[in-house]
file model_15.pdb (PDB, C-alpha atoms)
ATOM      1  CA  MET G 997     -10.051  -0.052  -7.829  1.00  0.00           C
ATOM      2  CA  ALA G 998      -8.965  -3.299  -9.443  1.00  0.00           C
ATOM      3  CA  VAL G 999      -9.596  -6.371  -7.310  1.00  0.00           C
ATOM      4  CA  HIS G1000      -6.528  -8.517  -6.597  1.00  0.00           C
ATOM      5  CA  TRP G1001      -7.725 -11.156  -4.143  1.00  0.00           C
ATOM      6  CA  LEU G1002      -4.486 -12.541  -2.670  1.00  0.00           C
ATOM      7  CA  ASP G1003      -2.693 -11.430  -5.830  1.00  0.00           C
ATOM      8  CA  PRO G1004      -1.079  -8.005  -5.208  1.00  0.00           C
ATOM      9  CA  SER G1005       0.236  -6.105  -8.217  1.00  0.00           C
ATOM     10  CA  ARG G1006       3.812  -5.768  -6.830  1.00  0.00           C
ATOM     11  CA  PRO G1007       5.067  -3.122  -9.274  1.00  0.00           C
ATOM     12  CA  ALA G1008       8.595  -3.193  -7.817  1.00  0.00           C
ATOM     13  CA  LEU G1009       8.991  -6.980  -7.896  1.00  0.00           C
ATOM     14  CA  ALA G1010      11.599  -7.023 -10.669  1.00  0.00           C
ATOM     15  CA  GLU G1011      13.590  -4.293  -8.935  1.00  0.00           C
ATOM     16  CA  ALA G1012      13.393  -6.113  -5.611  1.00  0.00           C
ATOM     17  CA  ARG G1013      14.700  -9.299  -7.174  1.00  0.00           C
ATOM     18  CA  ALA G1014      17.550  -7.408  -8.821  1.00  0.00           C
ATOM     19  CA  VAL G1015      18.510  -5.645  -5.591  1.00  0.00           C
ATOM     20  CA  VAL G1016      18.427  -8.854  -3.564  1.00  0.00           C
ATOM     21  CA  GLY G1017      20.465 -10.585  -6.254  1.00  0.00           C
ATOM     22  CA  THR G1018      22.555 -13.376  -4.805  1.00  0.00           C
ATOM     23  CA  ALA G1019      22.173 -12.379  -1.166  1.00  0.00           C
ATOM     24  CA  ALA G1020      23.317 -15.311   0.927  1.00  0.00           C
ATOM     25  CA  THR G1021      21.103 -14.657   3.946  1.00  0.00           C
ATOM     26  CA  PRO G1022      17.737 -13.033   4.683  1.00  0.00           C
ATOM     27  CA  ALA G1023      19.536 -10.413   6.798  1.00  0.00           C
ATOM     28  CA  GLN G1024      21.773  -9.466   3.885  1.00  0.00           C
ATOM     29  CA  ALA G1025      18.794  -9.299   1.522  1.00  0.00           C
ATOM     30  CA  TRP G1026      16.864  -7.161   4.020  1.00  0.00           C
ATOM     31  CA  ASP G1027      19.738  -4.695   4.359  1.00  0.00           C
ATOM     32  CA  ARG G1028      19.969  -4.385   0.572  1.00  0.00           C
ATOM     33  CA  VAL G1029      16.296  -3.624  -0.054  1.00  0.00           C
ATOM     34  CA  GLN G1030      16.212  -1.259   2.910  1.00  0.00           C
ATOM     35  CA  ALA G1031      19.202   0.666   1.553  1.00  0.00           C
ATOM     36  CA  ALA G1032      17.514   0.804  -1.865  1.00  0.00           C
ATOM     37  CA  GLY G1033      14.397   2.406  -0.355  1.00  0.00           C
ATOM     38  CA  LEU G1034      12.143  -0.517  -1.233  1.00  0.00           C
ATOM     39  CA  LEU G1035      10.630  -0.859   2.248  1.00  0.00           C
ATOM     40  CA  PRO G1036       8.260   1.446   4.154  1.00  0.00           C
ATOM     41  CA  ASP G1037      10.274   3.927   6.229  1.00  0.00           C
ATOM     42  CA  ALA G1038       8.471   2.863   9.402  1.00  0.00           C
ATOM     43  CA  TRP G1039       9.882  -0.635   9.022  1.00  0.00           C
ATOM     44  CA  ALA G1040      13.391   0.538   9.899  1.00  0.00           C
ATOM     45  CA  THR G1041      12.415   0.135  13.551  1.00  0.00           C
ATOM     46  CA  GLY G1042       8.846  -1.151  13.531  1.00  0.00           C
ATOM     47  CA  PHE G1043       8.622  -4.291  11.400  1.00  0.00           C
ATOM     48  CA  HIS G1044       7.244  -7.550  12.820  1.00  0.00           C
ATOM     49  CA  THR G1045       6.950 -10.863  11.030  1.00  0.00           C
ATOM     50  CA  MET G1046       5.813 -14.290  12.157  1.00  0.00           C
ATOM     51  CA  ARG G1047       8.285 -17.132  11.807  1.00  0.00           C
ATOM     52  CA  GLY G1048       5.751 -19.845  12.642  1.00  0.00           C
ATOM     53  CA  ALA G1049       3.379 -20.916  15.384  1.00  0.00           C
ATOM     54  CA  THR G1050       5.170 -23.438  17.579  1.00  0.00           C
ATOM     55  CA  VAL G1051       3.502 -23.344  21.000  1.00  0.00           C
ATOM     56  CA  ARG G1052       0.074 -23.756  22.514  1.00  0.00           C
ATOM     57  CA  HIS G1053      -2.175 -20.731  22.447  1.00  0.00           C
ATOM     58  CA  ARG G1054      -3.047 -19.135  25.778  1.00  0.00           C
ATOM     59  CA  TYR G1055      -6.550 -20.597  25.396  1.00  0.00           C
ATOM     60  CA  GLY G1056      -5.444 -24.095  24.448  1.00  0.00           C
ATOM     61  CA  ASN G1057      -4.179 -25.890  21.384  1.00  0.00           C
ATOM     62  CA  CYS G1058      -5.246 -23.501  18.647  1.00  0.00           C
ATOM     63  CA  ARG G1059      -4.741 -23.593  14.883  1.00  0.00           C
ATOM     64  CA  THR G1060      -4.917 -19.816  14.744  1.00  0.00           C
ATOM     65  CA  PRO G1061      -1.589 -18.088  14.055  1.00  0.00           C
ATOM     66  CA  CYS G1062      -0.399 -17.649  17.602  1.00  0.00           C
ATOM     67  CA  LEU G1063       0.490 -14.010  18.160  1.00  0.00           C
ATOM     68  CA  CYS G1064       0.538 -14.470  21.925  1.00  0.00           C
ATOM     69  CA  ASP G1065       3.841 -16.377  21.664  1.00  0.00           C
ATOM     70  CA  PRO G1066       6.627 -13.745  21.487  1.00  0.00           C
ATOM     71  CA  GLY G1067       9.027 -16.387  20.221  1.00  0.00           C
ATOM     72  CA  THR G1068       7.190 -16.578  16.902  1.00  0.00           C
ATOM     73  CA  VAL G1069       7.566 -12.866  16.083  1.00  0.00           C
ATOM     74  CA  ALA G1070      10.826 -11.466  14.679  1.00  0.00           C
ATOM     75  CA  ASP G1071      12.040  -8.133  13.319  1.00  0.00           C
ATOM     76  CA  ARG G1072      13.254  -9.589  10.005  1.00  0.00           C
ATOM     77  CA  PRO G1073      11.987 -12.271   7.614  1.00  0.00           C
ATOM     78  CA  ALA G1074      13.422 -15.767   7.918  1.00  0.00           C
ATOM     79  CA  ARG G1075      13.689 -16.365   4.144  1.00  0.00           C
ATOM     80  CA  VAL G1076      15.151 -14.417   1.240  1.00  0.00           C
ATOM     81  CA  HIS G1077      11.945 -15.172  -0.665  1.00  0.00           C
ATOM     82  CA  ASP G1078       9.941 -13.311   1.971  1.00  0.00           C
ATOM     83  CA  VAL G1079      12.195 -10.271   1.708  1.00  0.00           C
ATOM     84  CA  VAL G1080      11.350 -10.072  -2.000  1.00  0.00           C
ATOM     85  CA  VAL G1081       7.636 -10.480  -1.201  1.00  0.00           C
ATOM     86  CA  TYR G1082       7.673  -7.418   1.049  1.00  0.00           C
ATOM     87  CA  ALA G1083      10.062  -5.279  -1.008  1.00  0.00           C
ATOM     88  CA  GLY G1084       8.141  -5.821  -4.234  1.00  0.00           C
ATOM     89  CA  ASP G1085       5.152  -3.733  -3.145  1.00  0.00           C
ATOM     90  CA  ALA G1086       5.985  -1.148  -0.484  1.00  0.00           C
ATOM     91  CA  GLU G1087       3.058   1.077  -1.465  1.00  0.00           C
ATOM     92  CA  GLY G1088       0.581  -1.793  -1.299  1.00  0.00           C
ATOM     93  CA  ILE G1089       2.023  -2.838   2.058  1.00  0.00           C
ATOM     94  CA  ARG G1090       1.591   0.695   3.416  1.00  0.00           C
ATOM     95  CA  HIS G1091      -1.994   0.770   2.166  1.00  0.00           C
ATOM     96  CA  ALA G1092      -2.794  -2.572   3.800  1.00  0.00           C
ATOM     97  CA  GLU G1093      -1.291  -1.422   7.103  1.00  0.00           C
ATOM     98  CA  ALA G1094      -3.289   1.821   6.987  1.00  0.00           C
ATOM     99  CA  LEU G1095      -6.477  -0.188   6.444  1.00  0.00           C
ATOM    100  CA  ALA G1096      -5.599  -2.461   9.368  1.00  0.00           C
ATOM    101  CA  ARG G1097      -5.093   0.510  11.685  1.00  0.00           C
ATOM    102  CA  GLU G1098      -8.364   2.041  10.517  1.00  0.00           C
ATOM    103  CA  GLY G1099     -10.094  -1.291  11.053  1.00  0.00           C
ATOM    104  CA  MET G1100      -8.813  -1.549  14.618  1.00  0.00           C
ATOM    105  CA  ALA G1101      -9.791   2.059  15.341  1.00  0.00           C
ATOM    106  CA  ARG G1102     -13.345   1.302  14.215  1.00  0.00           C
ATOM    107  CA  LEU G1103     -13.551  -1.542  16.714  1.00  0.00           C
ATOM    108  CA  HIS G1104     -13.269   0.759  19.738  1.00  0.00           C
ATOM    109  CA  PRO G1105     -17.073   1.073  20.202  1.00  0.00           C
ATOM    110  CA  TRP G1106     -17.252  -2.729  20.219  1.00  0.00           C
ATOM    111  CA  CYS G1107     -14.503  -3.439  22.757  1.00  0.00           C
ATOM    112  CA  LEU G1108     -14.452  -3.120  26.519  1.00  0.00           C
ATOM    113  CA  ARG G1109     -10.825  -2.026  26.230  1.00  0.00           C
ATOM    114  CA  PRO G1110      -8.795  -0.584  23.334  1.00  0.00           C
ATOM    115  CA  PRO G1111      -7.551  -3.316  20.981  1.00  0.00           C
ATOM    116  CA  ALA G1112      -3.822  -4.013  20.848  1.00  0.00           C
ATOM    117  CA  ASP G1113      -1.975  -1.728  18.438  1.00  0.00           C
ATOM    118  CA  ARG G1114       0.406  -4.183  16.782  1.00  0.00           C
ATOM    119  CA  LEU G1115       0.746  -5.337  13.185  1.00  0.00           C
ATOM    120  CA  VAL G1116       2.570  -8.548  12.316  1.00  0.00           C
ATOM    121  CA  TRP G1117       3.163  -9.860   8.789  1.00  0.00           C
ATOM    122  CA  ALA G1118       3.404 -13.434   7.540  1.00  0.00           C
ATOM    123  CA  VAL G1119       3.812 -14.952   4.098  1.00  0.00           C
ATOM    124  CA  SER G1120       0.840 -17.186   3.378  1.00  0.00           C
ATOM    125  CA  ARG G1121       2.741 -20.320   2.487  1.00  0.00           C
ATOM    126  CA  GLY G1122       3.181 -20.992   6.230  1.00  0.00           C
ATOM    127  CA  SER G1123       2.727 -24.270   8.048  1.00  0.00           C
ATOM    128  CA  ALA G1124      -0.493 -26.255   8.120  1.00  0.00           C
ATOM    129  CA  ARG G1125      -1.139 -24.897  11.621  1.00  0.00           C
ATOM    130  CA  MET G1126      -1.646 -21.457  10.103  1.00  0.00           C
ATOM    131  CA  ARG G1127      -4.780 -22.114   8.083  1.00  0.00           C
ATOM    132  CA  GLY G1128      -8.031 -20.216   8.035  1.00  0.00           C
ATOM    133  CA  VAL G1129      -8.958 -16.608   8.691  1.00  0.00           C
ATOM    134  CA  HIS G1130      -9.632 -15.717  12.310  1.00  0.00           C
ATOM    135  CA  LEU G1131     -11.357 -12.373  12.874  1.00  0.00           C
ATOM    136  CA  ASN G1132     -11.984 -12.917  16.573  1.00  0.00           C
ATOM    137  CA  ALA G1133     -12.042  -9.219  17.451  1.00  0.00           C
ATOM    138  CA  LEU G1134     -15.015  -8.789  15.102  1.00  0.00           C
ATOM    139  CA  ASN G1135     -17.146 -11.313  16.990  1.00  0.00           C
ATOM    140  CA  PRO G1136     -18.892  -8.700  19.187  1.00  0.00           C
ATOM    141  CA  VAL G1137     -19.987  -6.801  16.072  1.00  0.00           C
ATOM    142  CA  ARG G1138     -21.077 -10.003  14.378  1.00  0.00           C
ATOM    143  CA  GLY G1139     -23.177 -10.994  17.383  1.00  0.00           C
ATOM    144  CA  LYS G1140     -24.886  -7.620  17.704  1.00  0.00           C
ATOM    145  CA  VAL G1141     -25.657  -7.216  14.000  1.00  0.00           C
ATOM    146  CA  GLN G1142     -27.033 -10.717  13.646  1.00  0.00           C
ATOM    147  CA  ARG G1143     -29.107 -10.415  16.810  1.00  0.00           C
ATOM    148  CA  ALA G1144     -30.634  -7.142  15.591  1.00  0.00           C
ATOM    149  CA  LEU G1145     -31.493  -8.685  12.213  1.00  0.00           C
ATOM    150  CA  ASP G1146     -32.769 -11.919  13.756  1.00  0.00           C
ATOM    151  CA  ALA G1147     -35.327  -9.869  15.676  1.00  0.00           C
ATOM    152  CA  ARG G1148     -36.693  -8.829  12.270  1.00  0.00           C
ATOM    153  CA  ASP G1149     -36.457 -12.366  10.844  1.00  0.00           C
ATOM    154  CA  ASP G1150     -33.991 -10.919   8.352  1.00  0.00           C
ATOM    155  CA  ARG G1151     -31.812 -13.471   6.531  1.00  0.00           C
ATOM    156  CA  THR G1152     -29.433 -11.075   4.792  1.00  0.00           C
ATOM    157  CA  PHE G1153     -26.324 -12.810   6.135  1.00  0.00           C
ATOM    158  CA  PHE G1154     -27.333 -16.298   4.989  1.00  0.00           C
ATOM    159  CA  ASP G1155     -28.762 -15.107   1.685  1.00  0.00           C
ATOM    160  CA  THR G1156     -25.471 -13.338   0.946  1.00  0.00           C
ATOM    161  CA  LEU G1157     -23.456 -16.424   1.860  1.00  0.00           C
ATOM    162  CA  ASN G1158     -25.500 -18.468  -0.602  1.00  0.00           C
ATOM    163  CA  GLN G1159     -25.107 -15.814  -3.270  1.00  0.00           C
ATOM    164  CA  PHE G1160     -21.324 -15.827  -2.950  1.00  0.00           C
ATOM    165  CA  THR G1161     -20.901 -19.570  -3.231  1.00  0.00           C
ATOM    166  CA  ASP G1162     -20.122 -18.840  -6.873  1.00  0.00           C
ATOM    167  CA  VAL G1163     -17.436 -16.376  -5.757  1.00  0.00           C
ATOM    168  CA  GLU G1164     -15.807 -19.102  -3.696  1.00  0.00           C
ATOM    169  CA  ARG G1165     -15.791 -21.440  -6.690  1.00  0.00           C
ATOM    170  CA  ALA G1166     -14.295 -18.717  -8.878  1.00  0.00           C
ATOM    171  CA  ILE G1167     -11.561 -18.045  -6.326  1.00  0.00           C
ATOM    172  CA  ARG G1168     -10.631 -21.714  -6.170  1.00  0.00           C
ATOM    173  CA  ALA G1169     -10.639 -21.928  -9.957  1.00  0.00           C
ATOM    174  CA  THR G1170      -7.804 -19.381 -10.151  1.00  0.00           C
ATOM    175  CA  GLY G1171      -5.449 -21.979  -8.716  1.00  0.00           C
ATOM    176  CA  ASN G1172      -3.897 -19.344  -6.458  1.00  0.00           C
ATOM    177  CA  PRO G1173      -1.916 -21.386  -3.884  1.00  0.00           C
ATOM    178  CA  ALA G1174      -2.381 -18.657  -1.266  1.00  0.00           C
ATOM    179  CA  PHE G1175      -5.974 -19.795  -0.826  1.00  0.00           C
ATOM    180  CA  LYS G1176      -4.719 -23.135   0.472  1.00  0.00           C
ATOM    181  CA  ARG G1177      -3.820 -21.247   3.634  1.00  0.00           C
ATOM    182  CA  LEU G1178      -6.374 -18.442   3.669  1.00  0.00           C
ATOM    183  CA  HIS G1179      -9.660 -20.178   2.994  1.00  0.00           C
ATOM    184  CA  PRO G1180     -11.897 -18.247   0.569  1.00  0.00           C
ATOM    185  CA  LEU G1181     -14.726 -18.504   3.086  1.00  0.00           C
ATOM    186  CA  GLY G1182     -12.841 -15.896   5.117  1.00  0.00           C
ATOM    187  CA  LEU G1183     -13.531 -13.417   2.335  1.00  0.00           C
ATOM    188  CA  VAL G1184     -17.070 -14.641   1.643  1.00  0.00           C
ATOM    189  CA  ASP G1185     -17.931 -14.450   5.349  1.00  0.00           C
ATOM    190  CA  LEU G1186     -16.673 -10.872   5.497  1.00  0.00           C
ATOM    191  CA  ILE G1187     -18.767  -9.929   2.461  1.00  0.00           C
ATOM    192  CA  ALA G1188     -21.843 -11.403   4.158  1.00  0.00           C
ATOM    193  CA  LEU G1189     -21.112  -9.518   7.378  1.00  0.00           C
ATOM    194  CA  SER G1190     -20.755  -6.281   5.415  1.00  0.00           C
ATOM    195  CA  ALA G1191     -24.111  -6.890   3.751  1.00  0.00           C
ATOM    196  CA  SER G1192     -25.663  -7.499   7.175  1.00  0.00           C
ATOM    197  CA  TRP G1193     -24.217  -4.241   8.493  1.00  0.00           C
ATOM    198  CA  ASP G1194     -25.586  -2.326   5.504  1.00  0.00           C
ATOM    199  CA  ARG G1195     -28.994  -3.918   6.058  1.00  0.00           C
ATOM    200  CA  ALA G1196     -29.033  -2.983   9.753  1.00  0.00           C
ATOM    201  CA  CYS G1197     -28.191   0.606   8.798  1.00  0.00           C
ATOM    202  CA  ALA G1198     -30.862   0.696   6.090  1.00  0.00           C
ATOM    203  CA  LEU G1199     -33.472  -0.528   8.593  1.00  0.00           C
ATOM    204  CA  ASP G1200     -32.269   2.122  11.082  1.00  0.00           C
ATOM    205  CA  LEU G1201     -31.763  -0.534  13.753  1.00  0.00           C
ATOM    206  CA  THR G1202     -30.242   0.063  17.172  1.00  0.00           C
ATOM    207  CA  VAL G1203     -27.382  -1.952  18.654  1.00  0.00           C
ATOM    208  CA  PRO G1204     -29.124  -4.348  21.070  1.00  0.00           C
ATOM    209  CA  GLY G1205     -28.064  -4.793  24.670  1.00  0.00           C
ATOM    210  CA  GLY G1206     -27.560  -7.931  26.695  1.00  0.00           C
ATOM    211  CA  PHE G1207     -26.680 -11.177  24.954  1.00  0.00           C
ATOM    212  CA  VAL G1208     -23.065 -12.379  25.172  1.00  0.00           C
ATOM    213  CA  TYR G1209     -21.102  -9.226  24.386  1.00  0.00           C
ATOM    214  CA  PRO G1210     -21.734  -6.049  26.410  1.00  0.00           C
ATOM    215  CA  VAL G1211     -20.162  -3.234  24.375  1.00  0.00           C
ATOM    216  CA  PRO G1212     -20.051   0.596  24.521  1.00  0.00           C
ATOM    217  CA  ALA G1213     -22.007   0.809  21.247  1.00  0.00           C
ATOM    218  CA  GLU G1214     -25.183  -0.588  22.812  1.00  0.00           C
ATOM    219  CA  GLY G1215     -28.166   1.705  22.359  1.00  0.00           C
ATOM    220  CA  GLN G1216     -26.668   3.584  19.409  1.00  0.00           C
ATOM    221  CA  ARG G1217     -27.999   3.342  15.877  1.00  0.00           C
ATOM    222  CA  PHE G1218     -25.865   1.236  13.559  1.00  0.00           C
ATOM    223  CA  ALA G1219     -26.025   4.017  10.975  1.00  0.00           C
ATOM    224  CA  GLU G1220     -24.346   6.421  13.414  1.00  0.00           C
ATOM    225  CA  LEU G1221     -21.295   4.190  13.809  1.00  0.00           C
ATOM    226  CA  PRO G1222     -18.410   3.709  11.337  1.00  0.00           C
ATOM    227  CA  ASP G1223     -18.659   0.486   9.344  1.00  0.00           C
ATOM    228  CA  PRO G1224     -16.277  -1.888  11.184  1.00  0.00           C
ATOM    229  CA  PHE G1225     -16.081  -4.350   8.284  1.00  0.00           C
ATOM    230  CA  ALA G1226     -15.221  -1.954   5.440  1.00  0.00           C
ATOM    231  CA  PRO G1227     -11.444  -1.652   6.073  1.00  0.00           C
ATOM    232  CA  TRP G1228     -10.962  -5.418   6.240  1.00  0.00           C
ATOM    233  CA  ARG G1229     -13.007  -5.944   3.078  1.00  0.00           C
ATOM    234  CA  ALA G1230     -10.984  -3.243   1.326  1.00  0.00           C
ATOM    235  CA  MET G1231      -7.749  -4.944   2.376  1.00  0.00           C
ATOM    236  CA  TRP G1232      -8.723  -8.094   0.498  1.00  0.00           C
ATOM    237  CA  GLN G1233      -9.080  -5.944  -2.620  1.00  0.00           C
ATOM    238  CA  THR G1234      -5.445  -4.816  -2.365  1.00  0.00           C
ATOM    239  CA  GLY G1235      -4.127  -8.370  -2.632  1.00  0.00           C
ATOM    240  CA  TYR G1236      -3.383  -8.723   1.077  1.00  0.00           C
ATOM    241  CA  ALA G1237      -5.637 -10.047   3.814  1.00  0.00           C
ATOM    242  CA  PRO G1238      -6.274 -10.022   7.548  1.00  0.00           C
ATOM    243  CA  TRP G1239      -5.146 -13.454   8.727  1.00  0.00           C
ATOM    244  CA  ALA G1240      -5.991 -12.948  12.385  1.00  0.00           C
ATOM    245  CA  VAL G1241      -7.581  -9.935  14.098  1.00  0.00           C
ATOM    246  CA  THR G1242      -7.410 -10.134  17.882  1.00  0.00           C
ATOM    247  CA  ASP G1243      -8.132  -7.558  20.551  1.00  0.00           C
ATOM    248  CA  GLU G1244      -5.312  -8.795  22.811  1.00  0.00           C
ATOM    249  CA  ASP G1245      -2.382  -9.506  20.501  1.00  0.00           C
ATOM    250  CA  GLY G1246      -2.931  -7.297  17.456  1.00  0.00           C
ATOM    251  CA  VAL G1247      -3.380  -8.117  13.789  1.00  0.00           C
ATOM    252  CA  LEU G1248      -1.651 -10.715  11.639  1.00  0.00           C
ATOM    253  CA  LEU G1249      -1.541  -9.613   7.998  1.00  0.00           C
ATOM    254  CA  ALA G1250      -1.066 -12.088   5.160  1.00  0.00           C
ATOM    255  CA  ALA G1251       1.193 -11.438   2.190  1.00  0.00           C
ATOM    256  CA  PRO G1252       0.792 -14.109  -0.514  1.00  0.00           C
ATOM    257  CA  ALA G1253       3.928 -15.978  -1.526  1.00  0.00           C
ATOM    258  CA  LEU G1254       5.312 -15.377  -5.006  1.00  0.00           C
ATOM    259  CA  ARG G1255       3.595 -17.527  -7.601  1.00  0.00           C
ATOM    260  CA  ALA G1256       6.569 -17.836  -9.920  1.00  0.00           C
TER     261      ALA G1256
END

call {"tool": "encode", "arguments": {"input": "model_15.pdb", "output": "structure tokens"}}
result
Amino acid sequence: MAVHWLDPSRPALAEARAVVGTAATPAQAWDRVQAAGLLPDAWATGFHTMRGATVRHRYGNCRTPCLCDPGTVADRPARVHDVVVYAGDAEGIRHAEALAREGMARLHPWCLRPPADRLVWAVSRGSARMRGVHLNALNPVRGKVQRALDARDDRTFFDTLNQFTDVERAIRATGNPAFKRLHPLGLVDLIALSASWDRACALDLTVPGGFVYPVPAEGQRFAELPDPFAPWRAMWQTGYAPWAVTDEDGVLLAAPALRA
């Protein structure tokens, strides 16, 4: 698979632009691309997009995209530009959503309750409050993997981070404006976590108990569990990215703005 970090191929972009044409409003543009079959069928009744984080998060003033505020989530994009973003790559969008659902399903052994089943999209040119990549629902896995490796004095995570410093530089060198909102360290961190998971499996380690996060997976071998990082890493390769993964409010998916 070709790697398109925050640069999806968008094979239907020209068609989407032609269909939208001179639409005066986002609603009119949305109706046009929907009628032309340029959107996933499920979006006829199940599309959610973030308009912008405007209130305090339930845990305080948070820079994370705030999915807990229902006023920030709408059923149609707020800009004609965003309509074109989504309509230009329906197949890629479907693939990214399938990966997100698989990623959430793989978190069940690491959660005390099933994670929220909701997907929300946002175009990555959002406000300054919506910076960073926040994979909060992955924290229990992170803690358990790192604790298991720490007991072996294994530095796989940190060694991988150092190795991918060059990847971060290469990403920045592309000049892709999407990375001004989704920091490349979000991708590099995920790569390091994946390497740590693979190492724990190779060493045939067991999920430790105690610590901060009590989870159903405790006592099982890492190698017996589905890799919880793989779907999110694969999503980056499609050109889209997980912007926020929460167990309470669902997943915020990032679609890069058009570059020209």

call {"tool": "resolve_selection", "arguments": {"input": "model_15.pdb", "expression": "the PyMOL selection byres ((chain G and resi 1197-1211) around 8)", "output": "ChimeraX atom specification"}}
result
/G:1105-1108,1136,1139-1141,1143-1144,1193-1196,1212-1219

call {"tool": "residues_around", "arguments": {"input": "model_15.pdb", "residues": "Ala1251 (chain G)", "least_positions_apart": "2", "cutoff": "6 Å", "atoms": "all atoms listed in the file", "output": "list of chain:residue names"}}
result
G:Val1119, G:Ser1120, G:Tyr1236

call {"tool": "write_last_selection", "arguments": {"input": "model_15.pdb", "atoms": "C-alpha atoms", "output": "compact mmCIF listing (two decimals), keeping the file's coordinate frame"}}
result
# COMPACT_ATOMS: atom_id res chain seq x y z
CA VAL G 1119 3.81 -14.95 4.10
CA SER G 1120 0.84 -17.19 3.38
CA TYR G 1236 -3.38 -8.72 1.08

call {"tool": "closest_residue", "arguments": {"input": "model_15.pdb", "among": "G:Ala1092, G:Leu1254, G:Ala1070, G:Leu1034", "to": "Gln1233 (chain G)", "atoms": "only C-alpha atoms"}}
result
G:Ala1092

call {"tool": "residues_around", "arguments": {"input": "model_15.pdb", "residues": "region 1097-1101 of chain G", "least_positions_apart": "4", "cutoff": "8 Å", "atoms": "only C-alpha atoms", "output": "MDAnalysis selection string"}}
result
chainID G and resid 1093 1111 1113 1224:1228

call {"tool": "write_last_selection", "arguments": {"input": "model_15.pdb", "atoms": "C-alpha atoms", "output": "mmCIF file, in the frame of the given file"}}
result
data_model
loop_
_atom_site.group_PDB
_atom_site.id
_atom_site.type_symbol
_atom_site.label_atom_id
_atom_site.label_comp_id
_atom_site.auth_asym_id
_atom_site.auth_seq_id
_atom_site.Cartn_x
_atom_site.Cartn_y
_atom_site.Cartn_z
ATOM 1 C CA GLU G 1093 -1.291 -1.422 7.103
ATOM 2 C CA PRO G 1111 -7.551 -3.316 20.981
ATOM 3 C CA ASP G 1113 -1.975 -1.728 18.438
ATOM 4 C CA PRO G 1224 -16.277 -1.888 11.184
ATOM 5 C CA PHE G 1225 -16.081 -4.350 8.284
ATOM 6 C CA ALA G 1226 -15.221 -1.954 5.440
ATOM 7 C CA PRO G 1227 -11.444 -1.652 6.073
ATOM 8 C CA TRP G 1228 -10.962 -5.418 6.240
#

call {"tool": "axis_aligned_box", "arguments": {"input": "model_15.pdb", "around": "region 1016-1023 of chain G", "padding_each_side": "8 Å", "output": "JSON"}}
result
{"center_x": 20.5, "center_y": -12.1, "center_z": 0.3, "size_x": 21.6, "size_y": 22.5, "size_z": 29.1}
